[in-house]
file entry-v3.txt (compact mmCIF, C-alpha atoms)
# COMPACT_ATOMS: atom_id res chain seq x y z
CA MET A 1 37.95 54.41 -17.04
CA ALA A 2 38.65 54.78 -13.32
CA SER A 3 35.72 55.70 -11.08
CA PRO A 4 35.90 59.01 -9.15
CA MET A 5 36.62 57.08 -5.92
CA GLU A 6 39.53 55.19 -7.55
CA LYS A 7 40.81 58.45 -9.03
CA MET A 8 40.56 60.04 -5.57
CA LYS A 9 42.69 57.27 -4.02
CA GLU A 10 45.30 57.76 -6.75
CA LEU A 11 45.33 61.55 -6.29
CA THR A 12 45.64 61.38 -2.48
CA LYS A 13 48.53 58.91 -2.87
CA LYS A 14 50.26 61.38 -5.24
CA ARG A 15 49.58 64.24 -2.81
CA ASP A 16 51.15 62.29 0.10
CA GLU A 17 54.24 61.53 -2.03
CA LEU A 18 54.60 65.19 -3.06
CA GLU A 19 54.24 66.40 0.54
CA LYS A 20 56.87 63.87 1.66
CA GLU A 21 59.28 65.13 -1.03
CA ILE A 22 58.67 68.78 -0.07
CA ALA A 23 59.27 67.91 3.61
CA GLU A 24 62.56 66.16 2.77
CA LEU A 25 63.79 69.14 0.71
CA THR A 26 62.74 71.54 3.48
CA GLU A 27 64.90 69.48 5.86
CA VAL A 28 67.85 70.05 3.48
CA LEU A 29 67.29 73.83 3.74
CA ASP A 30 66.94 73.60 7.54
CA SER A 31 70.24 71.72 7.74
CA GLN A 32 71.98 74.61 5.92
CA GLN A 33 71.92 77.11 8.77
CA GLY A 34 68.11 77.27 8.43
CA VAL A 35 68.52 79.32 5.23
CA GLY A 36 64.95 78.53 4.12
CA LEU A 37 63.46 79.58 0.79
CA ASP A 38 64.63 83.20 0.87
CA GLY A 39 67.70 83.46 3.12
CA PRO A 40 70.74 85.17 1.51
CA LEU A 41 73.25 82.98 -0.35
CA VAL A 42 75.98 85.63 -0.35
CA ASP A 43 77.84 87.24 2.53
CA SER A 44 78.06 90.97 3.30
CA GLN A 45 80.92 91.27 0.76
CA GLY A 46 78.78 89.74 -2.01
CA PHE A 47 80.68 86.43 -2.06
CA PRO A 48 78.95 83.03 -1.91
CA ARG A 49 78.54 82.04 1.73
CA ASN A 50 81.11 79.48 2.83
CA ASP A 51 79.06 78.24 5.81
CA ILE A 52 76.47 76.56 3.56
CA ASP A 53 76.40 74.33 0.49
CA VAL A 54 75.09 76.95 -1.96
CA TYR A 55 74.54 74.41 -4.75
CA SER A 56 72.41 72.13 -2.52
CA VAL A 57 70.37 75.11 -1.32
CA ARG A 58 69.71 76.37 -4.89
CA HIS A 59 68.80 72.84 -6.02
CA ALA A 60 66.46 72.26 -3.06
CA ARG A 61 64.80 75.68 -3.49
CA HIS A 62 64.19 75.12 -7.21
CA ASN A 63 62.69 71.68 -6.59
CA ILE A 64 60.47 72.91 -3.73
CA ILE A 65 59.02 75.69 -5.93
CA CYS A 66 58.31 73.18 -8.75
CA LEU A 67 56.75 70.69 -6.32
CA GLN A 68 54.64 73.39 -4.65
CA ASN A 69 53.21 74.30 -8.07
CA ASP A 70 52.49 70.61 -8.75
CA HIS A 71 50.88 70.36 -5.29
CA LYS A 72 48.63 73.36 -5.99
CA ALA A 73 47.46 71.84 -9.31
CA LEU A 74 46.93 68.47 -7.62
CA MET A 75 44.84 69.99 -4.81
CA LYS A 76 42.62 71.65 -7.46
CA GLU A 77 42.16 68.25 -9.14
CA ILE A 78 41.36 66.65 -5.76
CA GLU A 79 38.73 69.32 -5.10
CA GLU A 80 37.14 68.76 -8.54
CA THR A 81 37.12 64.97 -8.02
CA LEU A 82 35.55 65.41 -4.58
CA TYR A 83 32.85 67.57 -6.12
CA GLU A 84 32.24 64.83 -8.72
CA ILE A 85 31.95 62.19 -5.96
CA HIS A 86 29.47 64.31 -3.99
CA ALA A 87 27.48 65.24 -7.11
CA GLN A 88 27.14 61.52 -7.91
CA ALA A 89 26.02 60.80 -4.36
CA ARG A 90 23.43 63.61 -4.57
CA GLU A 91 22.18 62.23 -7.90
CA LYS A 92 21.78 58.84 -6.27
CA GLN A 93 19.80 60.46 -3.48
CA ASN A 94 17.50 62.18 -5.99
CA THR A 95 16.87 59.13 -8.16
CA ASN A 96 16.36 56.61 -5.37
CA GLU A 97 14.89 56.82 -1.94
CA PRO A 98 16.84 59.28 0.24
CA MET A 99 20.00 57.57 1.45
CA GLU A 100 18.96 57.44 5.09
CA ILE A 101 20.87 55.25 7.50
CA SER A 102 18.99 52.02 8.06
CA VAL A 103 17.23 52.10 11.41
CA ASN A 104 17.68 48.32 11.63
CA LYS A 105 21.44 48.74 11.69
CA PRO A 106 22.76 48.75 15.28
CA ILE A 107 24.12 52.14 16.32
CA ARG A 108 27.55 50.68 17.06
CA GLU A 109 27.87 49.82 13.31
CA GLN A 110 27.04 53.37 12.25
CA GLU A 111 30.52 54.59 12.89
CA PRO A 112 31.02 58.31 13.44
CA PHE A 113 34.13 59.72 11.77
CA LEU A 114 34.11 63.36 12.97
CA ILE A 115 33.54 65.06 16.31
CA VAL A 116 32.49 68.70 16.83
CA ASP A 117 35.06 70.30 19.15
CA ARG A 118 34.11 73.98 18.81
CA LEU A 119 30.89 75.86 18.13
CA ASP A 120 30.53 79.62 17.73
CA PRO A 121 27.36 81.14 19.23
CA GLY A 122 25.04 82.70 16.64
CA SER A 123 26.67 80.75 13.80
CA PRO A 124 24.83 78.79 11.05
CA ALA A 125 26.00 75.58 12.79
CA ALA A 126 24.50 76.70 16.13
CA ASP A 127 21.27 77.77 14.39
CA GLY A 128 21.08 74.32 12.77
CA GLY A 129 21.22 72.60 16.17
CA ILE A 130 24.82 71.32 16.12
CA GLN A 131 26.35 70.89 19.58
CA VAL A 132 29.92 70.44 20.83
CA GLY A 133 30.60 66.72 21.27
CA ASP A 134 28.28 65.64 18.44
CA GLU A 135 29.82 62.64 16.68
CA ILE A 136 29.06 62.92 12.98
CA ILE A 137 28.03 59.79 11.06
CA LYS A 138 26.98 61.52 7.85
CA PHE A 139 27.96 64.98 6.62
CA GLY A 140 26.05 65.69 3.39
CA SER A 141 27.18 62.84 1.15
CA VAL A 142 30.32 62.08 3.20
CA MET A 143 30.41 59.04 5.47
CA LYS A 144 33.23 57.07 7.07
CA GLU A 145 33.53 54.91 3.92
CA ASN A 146 34.30 57.81 1.56
CA PHE A 147 35.92 60.27 3.98
CA THR A 148 39.40 61.16 2.68
CA GLY A 149 40.34 64.00 5.04
CA LEU A 150 39.14 67.38 6.30
CA PRO A 151 39.60 69.13 2.89
CA CYS A 152 36.65 67.08 1.58
CA ILE A 153 34.45 68.47 4.40
CA GLY A 154 35.51 72.02 3.42
CA THR A 155 34.57 71.27 -0.19
CA VAL A 156 31.10 70.00 0.80
CA VAL A 157 30.54 73.14 2.90
CA GLN A 158 31.61 75.42 0.01
CA HIS A 159 29.35 73.64 -2.49
CA SER A 160 26.41 73.73 -0.02
CA LYS A 161 26.59 77.50 0.56
CA GLY A 162 23.08 78.88 0.95
CA LYS A 163 21.53 75.39 0.69
CA PRO A 164 20.45 72.93 3.40
CA LEU A 165 23.20 70.49 4.36
CA HIS A 166 21.92 67.32 6.04
CA ILE A 167 23.93 65.94 8.93
CA THR A 168 23.36 62.76 10.97
CA ALA A 169 25.09 62.68 14.34
CA LEU A 170 25.32 60.58 17.47
CA ARG A 171 24.57 62.57 20.64
CA ASP A 172 24.58 60.81 24.01
CA GLY A 173 24.00 57.48 22.23
CA GLU A 174 20.99 58.85 20.30
CA LEU A 175 20.82 59.48 16.54
CA VAL A 176 19.99 63.09 15.66
CA LYS A 177 19.28 64.43 12.19
CA LEU A 178 20.14 68.05 11.55
CA SER A 179 19.87 70.46 8.66
CA VAL A 180 22.28 73.42 8.54
CA LYS A 181 22.68 76.11 5.93
CA PRO A 182 26.35 77.13 5.41
CA ASP A 183 26.51 80.86 4.69
CA LYS A 184 28.39 84.06 5.41
CA TRP A 185 27.73 85.39 8.89
CA SER A 186 29.44 87.79 11.31
CA GLY A 187 32.06 85.21 12.31
CA LYS A 188 34.67 83.05 10.63
CA GLY A 189 33.90 80.46 7.94
CA LEU A 190 30.51 79.46 6.54
CA LEU A 191 29.47 77.16 9.41
CA GLY A 192 31.06 78.54 12.56
CA CYS A 193 32.11 75.22 14.04
CA ASN A 194 35.17 73.01 14.01
CA VAL A 195 35.35 69.25 13.51
CA LEU A 196 38.17 66.77 14.08
CA PRO A 197 38.54 63.26 12.66
CA ILE A 198 37.78 60.51 15.17
CA LYS A 199 40.68 58.12 15.52
CA ARG A 200 39.55 54.61 16.35
call {"tool": "encode", "arguments": {"input": "entry-v3.txt", "output": "structure tokens"}}
result
Amino acid sequence: MASPMEKMKELTKKRDELEKEIAELTEVLDSQQGVGLDGPLVDSQGFPRNDIDVYSVRHARHNIICLQNDHKALMKEIEETLYEIHAQAREKQNTNEPMEISVNKPIREQEPFLIVDRLDPGSPAADGGIQVGDEIIKFGSVMKENFTGLPCIGTVVQHSKGKPLHITALRDGELVKLSVKPDKWSGKGLLGCNVLPIKR
């Protein structure tokens, strides 16, 4: 039986293929006078438009709708698998010593994978001590090794609502350990900050 991480790789590969197919079919619609998913296929007299390939448009529309449904189901499966991965990591933390980053490991090897580029004043993130420019090494159970994209960060935040979420970051070359509690507040989201993947 495939491990959750192997399953995750398989699912993200499927997702990328689906998104590529949807993009290609969308290009077909764009090439037909930009008719899109709901542009009219008949003229003002009620006859099929002669400036587009009606059959190609119908075919592309049908396939896009089917693929979008598949994509939605796949994203749900990805979210569930992510939750499984993080639950396993939490279990590991509870049964062993907390999975702290080894202090003997040189900082340059503790690679950050996210950077905070926006912070809302008065937000849970600000209350937890997060600052703009913080380079995140560990976000809950997510590290560079198992980071699959920003949706997995959103999932961790959702599942940590109302509970402490431990974050390790690099700030001005120093390691800082933070604890934030994602929750509803007067602003947008549960954290009130924005992160971007670091491209090395």
call {"tool": "closest_residue", "arguments": {"input": "entry-v3.txt", "among": "A:Ser123, A:Asn194, A:Pro48, A:Asn63", "to": "Leu150 in chain A", "atoms": "all atoms listed in the file"}}
result
A:Asn194
call {"tool": "atom_distance", "arguments": {"input": "entry-v3.txt", "atom1": "CA of His159 in chain A", "atom2": "CA of Lys199 in chain A"}}
result
26.3 Å
call {"tool": "residues_around", "arguments": {"input": "entry-v3.txt", "residues": "range 166-170 of chain A", "least_positions_apart": "3", "cutoff": "10 Å", "atoms": "all atoms listed in the file", "output": "number ranges by chain"}}
result
A: 100-101, 107, 110-116, 128, 130-131, 133-143, 160, 163, 173-181
call {"tool": "atom_distance", "arguments": {"input": "entry-v3.txt", "atom1": "CA of Arg15 in chain A", "atom2": "CA of Gly34 in chain A"}}
result
25.3 Å
call {"tool": "axis_aligned_box", "arguments": {"input": "entry-v3.txt", "around": "range 27-41 of chain A", "padding_each_side": "5 Å", "output": "AutoDock Vina command-line options"}}
result
--center_x 68.4 --center_y 77.3 --center_z 4.2 --size_x 19.8 --size_y 25.7 --size_z 19.1
call {"tool": "build_atoms", "arguments": {"input": "entry-v3.txt", "residues": "range 5-16 of chain A", "atoms": "all heavy atoms", "output": "PDB file, in the frame of the given file"}}
result
ATOM      1  N   MET A   5      36.032  57.529  -7.197  1.00  0.00           N
ATOM      2  CA  MET A   5      36.620  57.080  -5.920  1.00  0.00           C
ATOM      3  C   MET A   5      38.025  56.519  -6.136  1.00  0.00           C
ATOM      4  O   MET A   5      38.942  56.783  -5.357  1.00  0.00           O
ATOM      5  CB  MET A   5      35.731  56.007  -5.266  1.00  0.00           C
ATOM      6  CG  MET A   5      34.516  56.571  -4.552  1.00  0.00           C
ATOM      7  SD  MET A   5      34.880  57.792  -3.275  1.00  0.00           S
ATOM      8  CE  MET A   5      35.520  56.762  -1.977  1.00  0.00           C
ATOM      9  N   GLU A   6      38.192  55.742  -7.239  1.00  0.00           N
ATOM     10  CA  GLU A   6      39.530  55.190  -7.550  1.00  0.00           C
ATOM     11  C   GLU A   6      40.498  56.310  -7.876  1.00  0.00           C
ATOM     12  O   GLU A   6      41.659  56.314  -7.461  1.00  0.00           O
ATOM     13  CB  GLU A   6      39.424  54.210  -8.737  1.00  0.00           C
ATOM     14  CG  GLU A   6      38.811  52.869  -8.364  1.00  0.00           C
ATOM     15  CD  GLU A   6      38.396  52.058  -9.584  1.00  0.00           C
ATOM     16  OE1 GLU A   6      38.357  52.615 -10.696  1.00  0.00           O
ATOM     17  OE2 GLU A   6      38.111  50.858  -9.416  1.00  0.00           O
ATOM     18  N   LYS A   7      39.990  57.292  -8.656  1.00  0.00           N
ATOM     19  CA  LYS A   7      40.810  58.450  -9.030  1.00  0.00           C
ATOM     20  C   LYS A   7      41.239  59.208  -7.769  1.00  0.00           C
ATOM     21  O   LYS A   7      42.377  59.653  -7.641  1.00  0.00           O
ATOM     22  CB  LYS A   7      39.999  59.360  -9.957  1.00  0.00           C
ATOM     23  CG  LYS A   7      40.812  60.482 -10.587  1.00  0.00           C
ATOM     24  CD  LYS A   7      39.941  61.334 -11.477  1.00  0.00           C
ATOM     25  CE  LYS A   7      40.683  62.566 -11.961  1.00  0.00           C
ATOM     26  NZ  LYS A   7      39.793  63.521 -12.647  1.00  0.00           N
ATOM     27  N   MET A   8      40.289  59.326  -6.819  1.00  0.00           N
ATOM     28  CA  MET A   8      40.560  60.040  -5.570  1.00  0.00           C
ATOM     29  C   MET A   8      41.683  59.358  -4.786  1.00  0.00           C
ATOM     30  O   MET A   8      42.580  60.027  -4.263  1.00  0.00           O
ATOM     31  CB  MET A   8      39.273  60.045  -4.736  1.00  0.00           C
ATOM     32  CG  MET A   8      39.352  60.958  -3.561  1.00  0.00           C
ATOM     33  SD  MET A   8      39.417  62.655  -4.120  1.00  0.00           S
ATOM     34  CE  MET A   8      40.082  63.399  -2.685  1.00  0.00           C
ATOM     35  N   LYS A   9      41.650  58.019  -4.727  1.00  0.00           N
ATOM     36  CA  LYS A   9      42.690  57.270  -4.020  1.00  0.00           C
ATOM     37  C   LYS A   9      44.063  57.530  -4.652  1.00  0.00           C
ATOM     38  O   LYS A   9      45.059  57.722  -3.970  1.00  0.00           O
ATOM     39  CB  LYS A   9      42.378  55.765  -4.057  1.00  0.00           C
ATOM     40  CG  LYS A   9      41.404  55.347  -2.972  1.00  0.00           C
ATOM     41  CD  LYS A   9      41.138  53.866  -3.026  1.00  0.00           C
ATOM     42  CE  LYS A   9      39.978  53.496  -2.113  1.00  0.00           C
ATOM     43  NZ  LYS A   9      39.458  52.168  -2.370  1.00  0.00           N
ATOM     44  N   GLU A  10      44.074  57.532  -5.993  1.00  0.00           N
ATOM     45  CA  GLU A  10      45.300  57.760  -6.750  1.00  0.00           C
ATOM     46  C   GLU A  10      45.843  59.166  -6.473  1.00  0.00           C
ATOM     47  O   GLU A  10      47.040  59.357  -6.225  1.00  0.00           O
ATOM     48  CB  GLU A  10      44.986  57.588  -8.250  1.00  0.00           C
ATOM     49  CG  GLU A  10      46.184  57.262  -9.132  1.00  0.00           C
ATOM     50  CD  GLU A  10      46.996  56.059  -8.662  1.00  0.00           C
ATOM     51  OE1 GLU A  10      46.414  55.005  -8.333  1.00  0.00           O
ATOM     52  OE2 GLU A  10      48.219  56.206  -8.610  1.00  0.00           O
ATOM     53  N   LEU A  11      44.936  60.150  -6.495  1.00  0.00           N
ATOM     54  CA  LEU A  11      45.330  61.550  -6.290  1.00  0.00           C
ATOM     55  C   LEU A  11      45.852  61.773  -4.865  1.00  0.00           C
ATOM     56  O   LEU A  11      46.837  62.485  -4.668  1.00  0.00           O
ATOM     57  CB  LEU A  11      44.155  62.491  -6.566  1.00  0.00           C
ATOM     58  CG  LEU A  11      43.723  62.633  -8.029  1.00  0.00           C
ATOM     59  CD1 LEU A  11      42.419  63.424  -8.125  1.00  0.00           C
ATOM     60  CD2 LEU A  11      44.793  63.323  -8.874  1.00  0.00           C
ATOM     61  N   THR A  12      45.179  61.173  -3.870  1.00  0.00           N
ATOM     62  CA  THR A  12      45.640  61.380  -2.480  1.00  0.00           C
ATOM     63  C   THR A  12      46.994  60.712  -2.268  1.00  0.00           C
ATOM     64  O   THR A  12      47.824  61.213  -1.511  1.00  0.00           O
ATOM     65  CB  THR A  12      44.609  60.853  -1.443  1.00  0.00           C
ATOM     66  OG1 THR A  12      44.192  59.557  -1.821  1.00  0.00           O
ATOM     67  CG2 THR A  12      43.403  61.749  -1.349  1.00  0.00           C
ATOM     68  N   LYS A  13      47.223  59.584  -2.971  1.00  0.00           N
ATOM     69  CA  LYS A  13      48.530  58.910  -2.870  1.00  0.00           C
ATOM     70  C   LYS A  13      49.614  59.833  -3.436  1.00  0.00           C
ATOM     71  O   LYS A  13      50.675  60.020  -2.845  1.00  0.00           O
ATOM     72  CB  LYS A  13      48.467  57.588  -3.655  1.00  0.00           C
ATOM     73  CG  LYS A  13      49.689  56.708  -3.444  1.00  0.00           C
ATOM     74  CD  LYS A  13      49.583  55.435  -4.272  1.00  0.00           C
ATOM     75  CE  LYS A  13      50.936  54.743  -4.360  1.00  0.00           C
ATOM     76  NZ  LYS A  13      51.032  53.796  -5.442  1.00  0.00           N
ATOM     77  N   LYS A  14      49.311  60.449  -4.613  1.00  0.00           N
ATOM     78  CA  LYS A  14      50.260  61.380  -5.240  1.00  0.00           C
ATOM     79  C   LYS A  14      50.532  62.568  -4.317  1.00  0.00           C
ATOM     80  O   LYS A  14      51.662  63.026  -4.175  1.00  0.00           O
ATOM     81  CB  LYS A  14      49.689  61.905  -6.562  1.00  0.00           C
ATOM     82  CG  LYS A  14      49.994  61.029  -7.762  1.00  0.00           C
ATOM     83  CD  LYS A  14      49.616  61.797  -9.031  1.00  0.00           C
ATOM     84  CE  LYS A  14      49.372  60.867 -10.191  1.00  0.00           C
ATOM     85  NZ  LYS A  14      48.756  61.565 -11.319  1.00  0.00           N
ATOM     86  N   ARG A  15      49.441  63.085  -3.703  1.00  0.00           N
ATOM     87  CA  ARG A  15      49.580  64.240  -2.810  1.00  0.00           C
ATOM     88  C   ARG A  15      50.510  63.904  -1.644  1.00  0.00           C
ATOM     89  O   ARG A  15      51.400  64.680  -1.293  1.00  0.00           O
ATOM     90  CB  ARG A  15      48.197  64.644  -2.280  1.00  0.00           C
ATOM     91  CG  ARG A  15      48.223  65.850  -1.336  1.00  0.00           C
ATOM     92  CD  ARG A  15      46.984  65.933  -0.499  1.00  0.00           C
ATOM     93  NE  ARG A  15      46.854  64.779   0.363  1.00  0.00           N
ATOM     94  CZ  ARG A  15      45.733  64.455   0.990  1.00  0.00           C
ATOM     95  NH1 ARG A  15      44.653  65.165   0.835  1.00  0.00           N
ATOM     96  NH2 ARG A  15      45.693  63.384   1.778  1.00  0.00           N
ATOM     97  N   ASP A  16      50.308  62.707  -1.037  1.00  0.00           N
ATOM     98  CA  ASP A  16      51.150  62.290   0.100  1.00  0.00           C
ATOM     99  C   ASP A  16      52.623  62.197  -0.310  1.00  0.00           C
ATOM    100  O   ASP A  16      53.511  62.594   0.440  1.00  0.00           O
ATOM    101  CB  ASP A  16      50.673  60.955   0.664  1.00  0.00           C
ATOM    102  CG  ASP A  16      49.290  61.064   1.313  1.00  0.00           C
ATOM    103  OD1 ASP A  16      48.861  62.210   1.551  1.00  0.00           O
ATOM    104  OD2 ASP A  16      48.653  60.032   1.548  1.00  0.00           O
TER     105      ASP A  16
END
